[in-house]
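Asker: So that we are looking at the same thing, I have put the structure below in structure tokens.
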Amino acid sequence: MELRHIKHFVVLAELRHFYRAAEKLNITQPSLSKSIKKLELLIGGKLFDRTTKEVQITALGKLVLARSLKILREVESLHQDISNFNGTDTKELNIGASPIPSNSLVGPIIGYFLRDFPDMAVELKVAGWSDLYQQLVNGDIDFFVAAETKKSDIDKSELVTMVDLPPFPVIFCCRPNHPLLSLPRLFLPTLRDYPLAIPRHLPEEVSHIFEDLFMIQRDDFSGLVRFEQFHPIKEAIMTGDLVALTPEIAVRAELESGALVSLKPTMMPELFAQFCIVYLKQKSQSPSAKAFIEYLKERAMDVKLKQTVLKESA
């Protein structure tokens, strides 16, 4: 059994499509089919059920997949340990991030990182935490940064280590001349009169805090936008009556410039967004990966400190 057969199997199990898997592996589709048949012959059973439209992994395939992923992680870890022992470092760094930390934490430090590591190639992959977790397990990324992972199944995984970054406040924001700002006191129920924008993966316990405010079934429903990234809806907030619920770090620049204003409803519960760095326990991090993680921690602390200073001066 050759390592390449295992790699081919894992990619096909991930994509469930021969053409896309062959394209990702940079081999021909017949070569991939031959490799899978060779592995099935060695194992003594079918790994996939093939139809004209899709590829489904069998029960045996699922068993082999779990072992294969462990083998690939161990091989990658061995290569990294050898590189570290020889005093060399990988020249590629693959980082994953969910939309908000990709814009506010990861993106701003890439330039500083490349200044200190000019011979590195950095690839940033932006996705939701569930996709990023799968990419991490498959070995496609070295680590990722995401929000609310502590409220997901990742928190129960024995495969990963999670490093908490400082929590950031969650706020409502709107344009500077929004009608809500003319009120002597703002109460949460008043927000029901205006269209609202909320993160698409808003934790259920946060939704419950606001009762039916974000429910489209209520009688006085005034519109709702669920966003993955804040940037696409920013202009709609600046030019209309849309009110957004978002981590303060996502709109820090707009708040500082006056393009957006933070709303402070009476009896507003204090909410925080928790970002985490997630990496595999059994994988040795390269010196460059460790350095980037330290950059991330410093960036998060700097942003948190600045937020505290702005709050005290307000």
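Every chain in the structure tokens has a letter given in the order shown (A, B, ...), and although residue numbers restart at 1 in each chain, ligands are simply numbered from 1 in the order shown.
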Considering only C-alpha atoms, return as a PyMOL selection string whatever protein or nucleic-acid residues lie within 9 Å of Thr239 in chain A, sequence-local ones (same chain, fewer than 4 positions apart) excluded.

Answerer: chain A and resi 175+234-235

Asker: Please write the residues from the selection above to a file, keeping N, CA and C atoms, as a compact mmCIF listing (two decimals), in the first residue's frame.

Answerer:
```txt
# COMPACT_ATOMS: atom_id res chain seq x y z
N ARG A 175 -26.34 54.27 10.64
CA ARG A 175 -25.77 55.49 10.06
C ARG A 175 -25.88 56.63 11.06
N LYS A 234 -22.35 46.97 4.20
CA LYS A 234 -21.94 48.21 4.86
C LYS A 234 -22.59 49.44 4.23
N GLU A 235 -22.62 49.50 2.91
CA GLU A 235 -23.20 50.66 2.23
C GLU A 235 -24.70 50.74 2.49
```

Asker: List the spatial neighbours of Phe272 in chain A as an mmCIF file with C-alpha atoms, in the first residue's frame - criterion: any atom at most 6 Å away, only C-alpha atoms, same-chain residues fewer than 6 positions off excluded.

Answerer:
```cif
data_model
loop_
_atom_site.group_PDB
_atom_site.id
_atom_site.type_symbol
_atom_site.label_atom_id
_atom_site.label_comp_id
_atom_site.auth_asym_id
_atom_site.auth_seq_id
_atom_site.Cartn_x
_atom_site.Cartn_y
_atom_site.Cartn_z
ATOM 1 C CA PRO A 167 -13.444 38.651 23.684
ATOM 2 C CA PHE A 168 -14.809 41.631 21.748
ATOM 3 C CA PRO A 169 -18.118 43.407 22.481
ATOM 4 C CA VAL A 170 -21.108 42.916 20.201
#
```

Asker: I need the residues in range 126-252 of chain A that are alpha helix (DSSP H) according to DSSP; give them as a list in words.

Answerer: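 Alpha helix (DSSP H) members of range 126-252 of chain A, listed: Trp129, Ser130, Asp131, Leu132, Tyr133, Gln134, Gln135, Leu136, Val137, Glu204, Glu205, Val206, Ser207, His208, Ile209, His231, Pro232, Ile233, Lys234, Glu235, Ala236, Ile237, Met238, Thr239 and Arg252 of chain A.
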
Asker: With C-alpha atoms retained, write the just-selected residues as a JSON list (two decimals), in the first residue's frame.

Answerer:
```json
[["chain", "number", "residue", "atom", "x", "y", "z"],
["A", 129, "TRP", "CA", -15.93, 27.24, 11.10],
["A", 130, "SER", "CA", -17.35, 23.84, 10.03],
["A", 131, "ASP", "CA", -15.64, 24.03, 6.62],
["A", 132, "LEU", "CA", -12.42, 25.22, 8.23],
["A", 133, "TYR", "CA", -12.48, 22.32, 10.70],
["A", 134, "GLN", "CA", -12.78, 19.83, 7.85],
["A", 135, "GLN", "CA", -9.92, 21.51, 5.98],
["A", 136, "LEU", "CA", -7.80, 21.33, 9.14],
["A", 137, "VAL", "CA", -8.50, 17.62, 9.63],
["A", 204, "GLU", "CA", -29.02, 30.31, 19.32],
["A", 205, "GLU", "CA", -28.57, 31.48, 22.91],
["A", 206, "VAL", "CA", -27.94, 35.03, 21.65],
["A", 207, "SER", "CA", -31.13, 34.95, 19.57],
["A", 208, "HIS", "CA", -33.06, 33.85, 22.66],
["A", 209, "ILE", "CA", -31.81, 36.89, 24.59],
["A", 231, "HIS", "CA", -18.50, 44.48, 4.03],
["A", 232, "PRO", "CA", -21.21, 43.68, 1.42],
["A", 233, "ILE", "CA", -23.96, 45.25, 3.56],
["A", 234, "LYS", "CA", -21.94, 48.21, 4.86],
["A", 235, "GLU", "CA", -23.20, 50.66, 2.23],
["A", 236, "ALA", "CA", -26.81, 49.59, 2.86],
["A", 237, "ILE", "CA", -26.36, 50.54, 6.52],
["A", 238, "MET", "CA", -24.70, 53.86, 5.68],
["A", 239, "THR", "CA", -27.41, 54.91, 3.22],
["A", 252, "ARG", "CA", -13.97, 49.62, 14.32]]
```

Asker: Using only C-alpha atoms, pick whichever of A:Thr51, A:Thr28, A:Asn103, A:Asn138 has the shortest atom-to-atom distance to Ala66 in chain A.

Answerer: A:Asn138

Asker: Can you tell me, as a list in words, what residues are no more than 12 Å from Lys34 in chain A when counting only C-alpha atoms, ignoring any on the same chain fewer than 6 positions away?

Answerer: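 Skipping anything fewer than 6 positions along the chain leaves Arg4, His5, His8, Phe9, Phe18, Ala22, Ile27, Thr28, Glu40 and Leu41 of chain A.
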
Asker: Tell me, which residues of range 7-187 of chain A carry DSSP strand (DSSP E or B), written as a ChimeraX atom specification?

Answerer: /A:48-50,55-57,92-97,121-126,143-147,160-164,168-174,187

Asker: Excluding Ala146 in chain A and any residue of its chain fewer than 6 positions from it, enumerate the residues within 10 Å of it, using only C-alpha atoms, and give them as a ChimeraX atom specification.

Answerer: /A:96-102,126-130,132-133,274-278

Asker: Find the residue from A:Lys38, A:His201, A:Lys290, A:Lys125 that sits nearest to Glu2 in chain A; use only C-alpha atoms when measuring.

Answerer: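 Closest residue, counting only C-alpha atoms: A:Lys38.
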
Asker: Which distance in Å separates CA of Val11 in chain A and CA of Leu60 in chain A, to one decimal?

Answerer: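 One can read the CA of Val11 in chain A to CA of Leu60 in chain A distance as 16.2 Å.
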
Asker: Quick one: residues within 10 Å of range 108-124 of chain A, only C-alpha atoms counted, chain neighbours fewer than 5 positions away excluded, as a list in words?

Answerer: Asp89, Thr90, Lys91, Glu92, Leu93, Asn94, Ile95, Gly96, Ala97, Pro101, Ser102, Asn103, Ile141, Phe144, Ser288, Ala291, Phe292, Tyr295, Leu296, Glu298 and Arg299 of chain A

Asker: Kindly save the residues from that selection, with C-alpha atoms included, as a PDB file, in the first residue's frame.

Answerer:
```
ATOM      1  CA  ASP A  89      11.210  25.657   7.990  1.00  0.00           C
ATOM      2  CA  THR A  90       8.438  25.133   5.513  1.00  0.00           C
ATOM      3  CA  LYS A  91       8.088  27.974   2.996  1.00  0.00           C
ATOM      4  CA  GLU A  92       4.300  27.741   2.797  1.00  0.00           C
ATOM      5  CA  LEU A  93       1.741  28.673   5.422  1.00  0.00           C
ATOM      6  CA  ASN A  94      -1.943  27.870   4.925  1.00  0.00           C
ATOM      7  CA  ILE A  95      -4.231  29.820   7.235  1.00  0.00           C
ATOM      8  CA  GLY A  96      -7.994  29.535   7.606  1.00  0.00           C
ATOM      9  CA  ALA A  97     -10.284  32.203   9.029  1.00  0.00           C
ATOM     10  CA  PRO A 101     -11.390  37.630  12.001  1.00  0.00           C
ATOM     11  CA  SER A 102     -10.060  37.340   8.432  1.00  0.00           C
ATOM     12  CA  ASN A 103     -10.730  41.074   7.928  1.00  0.00           C
ATOM     13  CA  ILE A 141      -4.621  24.315   6.427  1.00  0.00           C
ATOM     14  CA  PHE A 144      -7.608  28.565  11.591  1.00  0.00           C
ATOM     15  CA  SER A 288       6.646  30.219  10.912  1.00  0.00           C
ATOM     16  CA  ALA A 291       5.335  33.011  14.781  1.00  0.00           C
ATOM     17  CA  PHE A 292       2.113  33.871  12.946  1.00  0.00           C
ATOM     18  CA  TYR A 295       1.372  37.841  15.730  1.00  0.00           C
ATOM     19  CA  LEU A 296      -2.337  37.005  15.989  1.00  0.00           C
ATOM     20  CA  GLU A 298      -0.481  40.438  19.773  1.00  0.00           C
ATOM     21  CA  ARG A 299      -2.888  41.889  17.198  1.00  0.00           C
TER      22      ARG A 299
END
```

Asker: Could you tell me how far CA of Val243 in chain A sits from CA of Pro199 in chain A, in Å to one decimal place?

Answerer: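 Atom-to-atom, CA of Pro199 in chain A to CA of Val243 in chain A, that is 12.1 Å.
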
Asker: What is the CA of Arg73 in chain A to CA of Asp140 in chain A distance in Å?

Answerer: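 Atom-to-atom, CA of Arg73 in chain A and CA of Asp140 in chain A are spaced 10.8 Å apart.
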
Asker: Report as a list in words all protein, DNA and RNA residues lying within 12 Å of Glu158 in chain A, evaluated on only C-alpha atoms, omitting residues in the same chain fewer than 5 positions from it.

Answerer: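 That gives Val137, Asp153, Val278, Tyr279, Leu280, Lys281 and Gln282 of chain A.
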
Asker: Would you mind listing what lies within 9 Å of Ala259 in chain A as a CSV table (one decimal) with C-alpha atoms, in the first residue's frame, with only C-alpha atoms counted and same-chain residues fewer than 3 positions away left out?

Answerer:
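Output saved as selection_10.csv:
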```
chain,number,residue,atom,x,y,z
A,174,CYS,CA,-26.4,52.4,12.2
A,175,ARG,CA,-25.8,55.5,10.1
A,176,PRO,CA,-25.0,58.8,11.9
A,238,MET,CA,-24.7,53.9,5.7
A,253,ALA,CA,-12.7,51.7,11.4
A,254,GLU,CA,-16.2,53.0,10.5
A,255,LEU,CA,-17.0,53.9,14.1
A,256,GLU,CA,-13.7,55.8,14.4
```

Asker: With distances taken over only C-alpha atoms, which of A:Gly139, A:Gly44, A:Pro195, A:Pro184 is nearest to Ala244 in chain A?

Answerer: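 Closest to Ala244 in chain A of all the choices is A:Pro195.
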
Asker: Select from range 43-107 of chain A every residue with an atom at most 10 Å from any atom of range 14-17 of chain A, then for each give the shortest pair of atoms and their distance in Å to one decimal, using only C-alpha atoms, rows by chain and rising number, as a tab-separated table.

Answerer:
```
residue	atom	partner	partner_atom	distance
A:Phe48	CA	A:Arg16	CA	9.0
A:Arg50	CA	A:Arg16	CA	9.5
A:Lys53	CA	A:His17	CA	8.7
A:Glu54	CA	A:His17	CA	6.4
A:Val55	CA	A:Arg16	CA	5.0
A:Gln56	CA	A:Arg16	CA	6.6
A:Ile57	CA	A:Arg16	CA	7.9
A:Leu65	CA	A:Glu14	CA	9.6
```
